[in-house]
Amino acid sequence: MDYRKMSPEAKATFLAERPGCELCERPSAQVDHDHVSWEVRGALCRRCNSRLGSLEAALRLPAGLFQSLAGDLQRALWRSGMVELERYGEDFAYLGLTVGEFAGRLRAVHEQLVLPYVYWAPVTEDPTIRTRTWTKIGPLCDDAEAERHRARLVAGSVQLWVWVTREPDDGVNSPAPRALVVAADSTEGARELHQQLRGPVDMSRHETRDRDFAELVVPVLMSRPLTAEQFRGAHWRDDKQVPATDQELRELLLRYGYMAGWLDLAVRIVLKDLAGDVPNRSWVVFSRARWHWIALLEHWRDRREAIGLTPEG
C-alpha cells in the first residue's frame with residue numbers, strides 16, 4: 001500500500017482496524033511508512049513513530065541536521081566509537097534489521113562525516129535555527145584546529161552561538177550547519193540574551209523529568225560502587241574520572257540532571273536486582289523496561305529492602 005495514495009478517510013480506517021501501537025501497545029495514532037519506498041508498514045503511536053523515524057534518519061546523511069535521537073547516536077560514535085543500541089532491538093526487528101545490521105549501516109554513514117567546520121551566528125530575536133545567518137570557517141585540518149577556532153570565538157565579547165560540525169566530503173558548499181553538530185557553545189551572556197529575547201519559557205516538563213531522575217535514578221546509582229567502565233559508559237564526558245566519594249558522585253549526577261546514559265545503567269542495575277520480579281513480565285527485556293523506567297524504578301524503590309538493599313542504599 002502506497003502511503004501517498006491514502007486519503008484521510010483511508011488512514012482513519014487503517015488506524016481504526018489497528019487500535020494498538022505495534023511496538024508498545026499504546027493507542028495507535030499514525031500510519032507508519034517507509035520514507036524511501038512509501039510502503040505502509042503498520043500503525044504506531046506518536047512516540048514510537050517519532051523514535052522510529054529518527055532511528056531511520058541516523059542511517060542517511062541529512063540535507064540539514066540530524067534529528068535529535070539520530071544525532072545522539074552519531075555523537076556517541078564520534079566521542080567514544082561505541083553506541084548503546086540494544087534497547088532499540090524491537091524497533092530494529094520491526095524495520096527488518098538486526099542490531100548488528102543497524103550498527104553497520106550507522107557506522108557507514110558516520111565514516112562519511114570527515115570534514116570539521118566551525119559555524120557562528122549572532123543571537124537575534126528569531127530563535128529558529130534554520131533562519132539564522134551563519135558564518136562558516138572550514139573545512140579545517142582536524143578537530144584540534146576546530147577547537148582553537150571554537151575557543152577563540154567563545155572568548156570574544158560579541159554574543160554568539162558557536163557550533164562545531166562534522167560534514168561529508170561531498171562537494172556541497174552549505175551556508176548553514178549540516179549533518180552532525182559535535183559541539184554547541186556560546187559566548188558569555190549569549191544564553192541570557194537569548195532568554196530575554198524569547199521571553200518566558202515553560203520548563204515544567206524538563207523540571208518534572210529532572211525531579212524523577214533525582215528521586216528514582218540517583219538512588220539506584222548510589223546503591224553500590226560503580227566501576228570506571230560503568231561510569232565512562234554512562235557519562236557524556238568520557239574524559240571525566242570516577243568521583244572519589246559518594247558525595248562527589250551524587251553532586252555530579254544532580255548537577256547535570258537527566259541523561260540517557262545514566263538512565264540506561266540504572267535500568268540494567270534494577271533488572272538485575274529484581275531478577276524477574278517486575279510489574280509487567282514483558283519488562284524483563286531491557287528494550288521494554290527502558291520505556292517504562294519510572295514505574296520500574298518505583299517498583300525497585302518499594303522492593304529494595306526485600307531484595308537485600310537498605311533504605312540508605
# chains A, B, ... in the order shown; residues from 1 in each chain; ligands from 1
call {"tool": "residues_around", "arguments": {"residues": "stretch 50-54 of chain A", "least_positions_apart": "6", "cutoff": "6 Å", "atoms": "only C-alpha atoms", "output": "PyMOL selection string"}}
result
chain A and resi 67+69-70
call {"tool": "residues_around", "arguments": {"residues": "A:Val31", "least_positions_apart": "4", "cutoff": "9 Å", "atoms": "only C-alpha atoms", "output": "NGL selection string"}}
result
:A and (3 or 11-12 or 14-15 or 40-45 or 49)
call {"tool": "write_last_selection", "arguments": {"atoms": "C-alpha atoms", "output": "mmCIF file, in the first residue's frame"}}
result
data_model
loop_
_atom_site.group_PDB
_atom_site.id
_atom_site.type_symbol
_atom_site.label_atom_id
_atom_site.label_comp_id
_atom_site.auth_asym_id
_atom_site.auth_seq_id
_atom_site.Cartn_x
_atom_site.Cartn_y
_atom_site.Cartn_z
ATOM 1 C CA TYR A 3 1.155 5.943 1.732
ATOM 2 C CA LYS A 11 -5.799 6.470 7.032
ATOM 3 C CA ALA A 12 -8.533 6.793 9.654
ATOM 4 C CA PHE A 14 -6.462 1.847 8.755
ATOM 5 C CA LEU A 15 -5.915 3.120 12.312
ATOM 6 C CA VAL A 40 2.864 1.382 4.563
ATOM 7 C CA ARG A 41 4.253 -0.782 7.368
ATOM 8 C CA GLY A 42 1.775 -0.506 10.223
ATOM 9 C CA ALA A 43 0.121 1.669 12.872
ATOM 10 C CA LEU A 44 2.147 3.304 15.650
ATOM 11 C CA CYS A 45 1.615 5.750 18.494
ATOM 12 C CA ASN A 49 6.612 6.720 15.196
#
call {"tool": "select_by_dssp", "arguments": {"residues": "stretch 202-305 of chain A", "states": "helix (DSSP H, G or I)", "output": "ChimeraX atom specification"}}
result
/A:204-221,228-234,246-256,260-274,281-284,286-303
call {"tool": "closest_residue", "arguments": {"among": "A:Arg4, A:Cys48, A:Pro279, A:Glu147", "to": "A:Gly20", "atoms": "only C-alpha atoms"}}
result
A:Cys48
call {"tool": "atom_distance", "arguments": {"atom1": "atom CA of A:Pro139", "atom2": "atom CA of A:Glu111"}}
result
16.3 Å
call {"tool": "atom_distance", "arguments": {"atom1": "atom CA of A:Gly71", "atom2": "atom CA of A:Val36"}}
result
20.0 Å
call {"tool": "atom_distance", "arguments": {"atom1": "atom CA of A:Pro19", "atom2": "atom CA of A:Arg46"}}
result
12.8 Å
call {"tool": "closest_residue", "arguments": {"among": "A:Val217, A:Leu65, A:Arg191, A:Glu86", "to": "A:Thr165", "atoms": "only C-alpha atoms"}}
result
A:Leu65
call {"tool": "closest_residue", "arguments": {"among": "A:Met222, A:Asp170, A:Trp291, A:Val182", "to": "A:Glu248", "atoms": "only C-alpha atoms"}}
result
A:Met222
call {"tool": "closest_residue", "arguments": {"among": "A:Gln74, A:Thr98, A:Gln195, A:Ser174", "to": "A:Val123", "atoms": "only C-alpha atoms"}}
result
A:Gln195
call {"tool": "select_by_dssp", "arguments": {"residues": "stretch 49-162 of chain A", "states": "strand (DSSP E or B)", "output": "number ranges by chain"}}
result
A: 65, 113-122, 135-137, 160-162
call {"tool": "write_last_selection", "arguments": {"atoms": "C-alpha atoms", "output": "mmCIF file, in the first residue's frame"}}
result
data_model
loop_
_atom_site.group_PDB
_atom_site.id
_atom_site.type_symbol
_atom_site.label_atom_id
_atom_site.label_comp_id
_atom_site.auth_asym_id
_atom_site.auth_seq_id
_atom_site.Cartn_x
_atom_site.Cartn_y
_atom_site.Cartn_z
ATOM 1 C CA LEU A 65 20.840 18.441 10.710
ATOM 2 C CA LEU A 113 31.449 12.646 8.346
ATOM 3 C CA VAL A 114 35.101 13.550 7.839
ATOM 4 C CA LEU A 115 35.375 17.347 7.482
ATOM 5 C CA PRO A 116 35.418 19.594 10.595
ATOM 6 C CA TYR A 117 33.768 23.033 10.373
ATOM 7 C CA VAL A 118 33.047 25.829 12.813
ATOM 8 C CA TYR A 119 29.932 27.970 12.376
ATOM 9 C CA TRP A 120 28.963 31.079 14.311
ATOM 10 C CA ALA A 121 25.909 33.328 14.342
ATOM 11 C CA PRO A 122 24.858 36.327 16.452
ATOM 12 C CA THR A 135 29.381 32.426 9.124
ATOM 13 C CA LYS A 136 31.354 29.313 8.239
ATOM 14 C CA ILE A 137 35.011 28.515 8.931
ATOM 15 C CA LEU A 160 27.332 34.408 19.531
ATOM 16 C CA TRP A 161 26.176 30.845 19.028
ATOM 17 C CA VAL A 162 29.160 28.669 18.080
#
call {"tool": "closest_residue", "arguments": {"among": "A:Met82, A:Val158, A:Ala76, A:Leu254", "to": "A:Gly189", "atoms": "only C-alpha atoms"}}
result
A:Val158
call {"tool": "closest_residue", "arguments": {"among": "A:Ala214, A:Ala58, A:Ala266, A:Ala176", "to": "A:Leu252", "atoms": "only C-alpha atoms"}}
result
A:Ala214
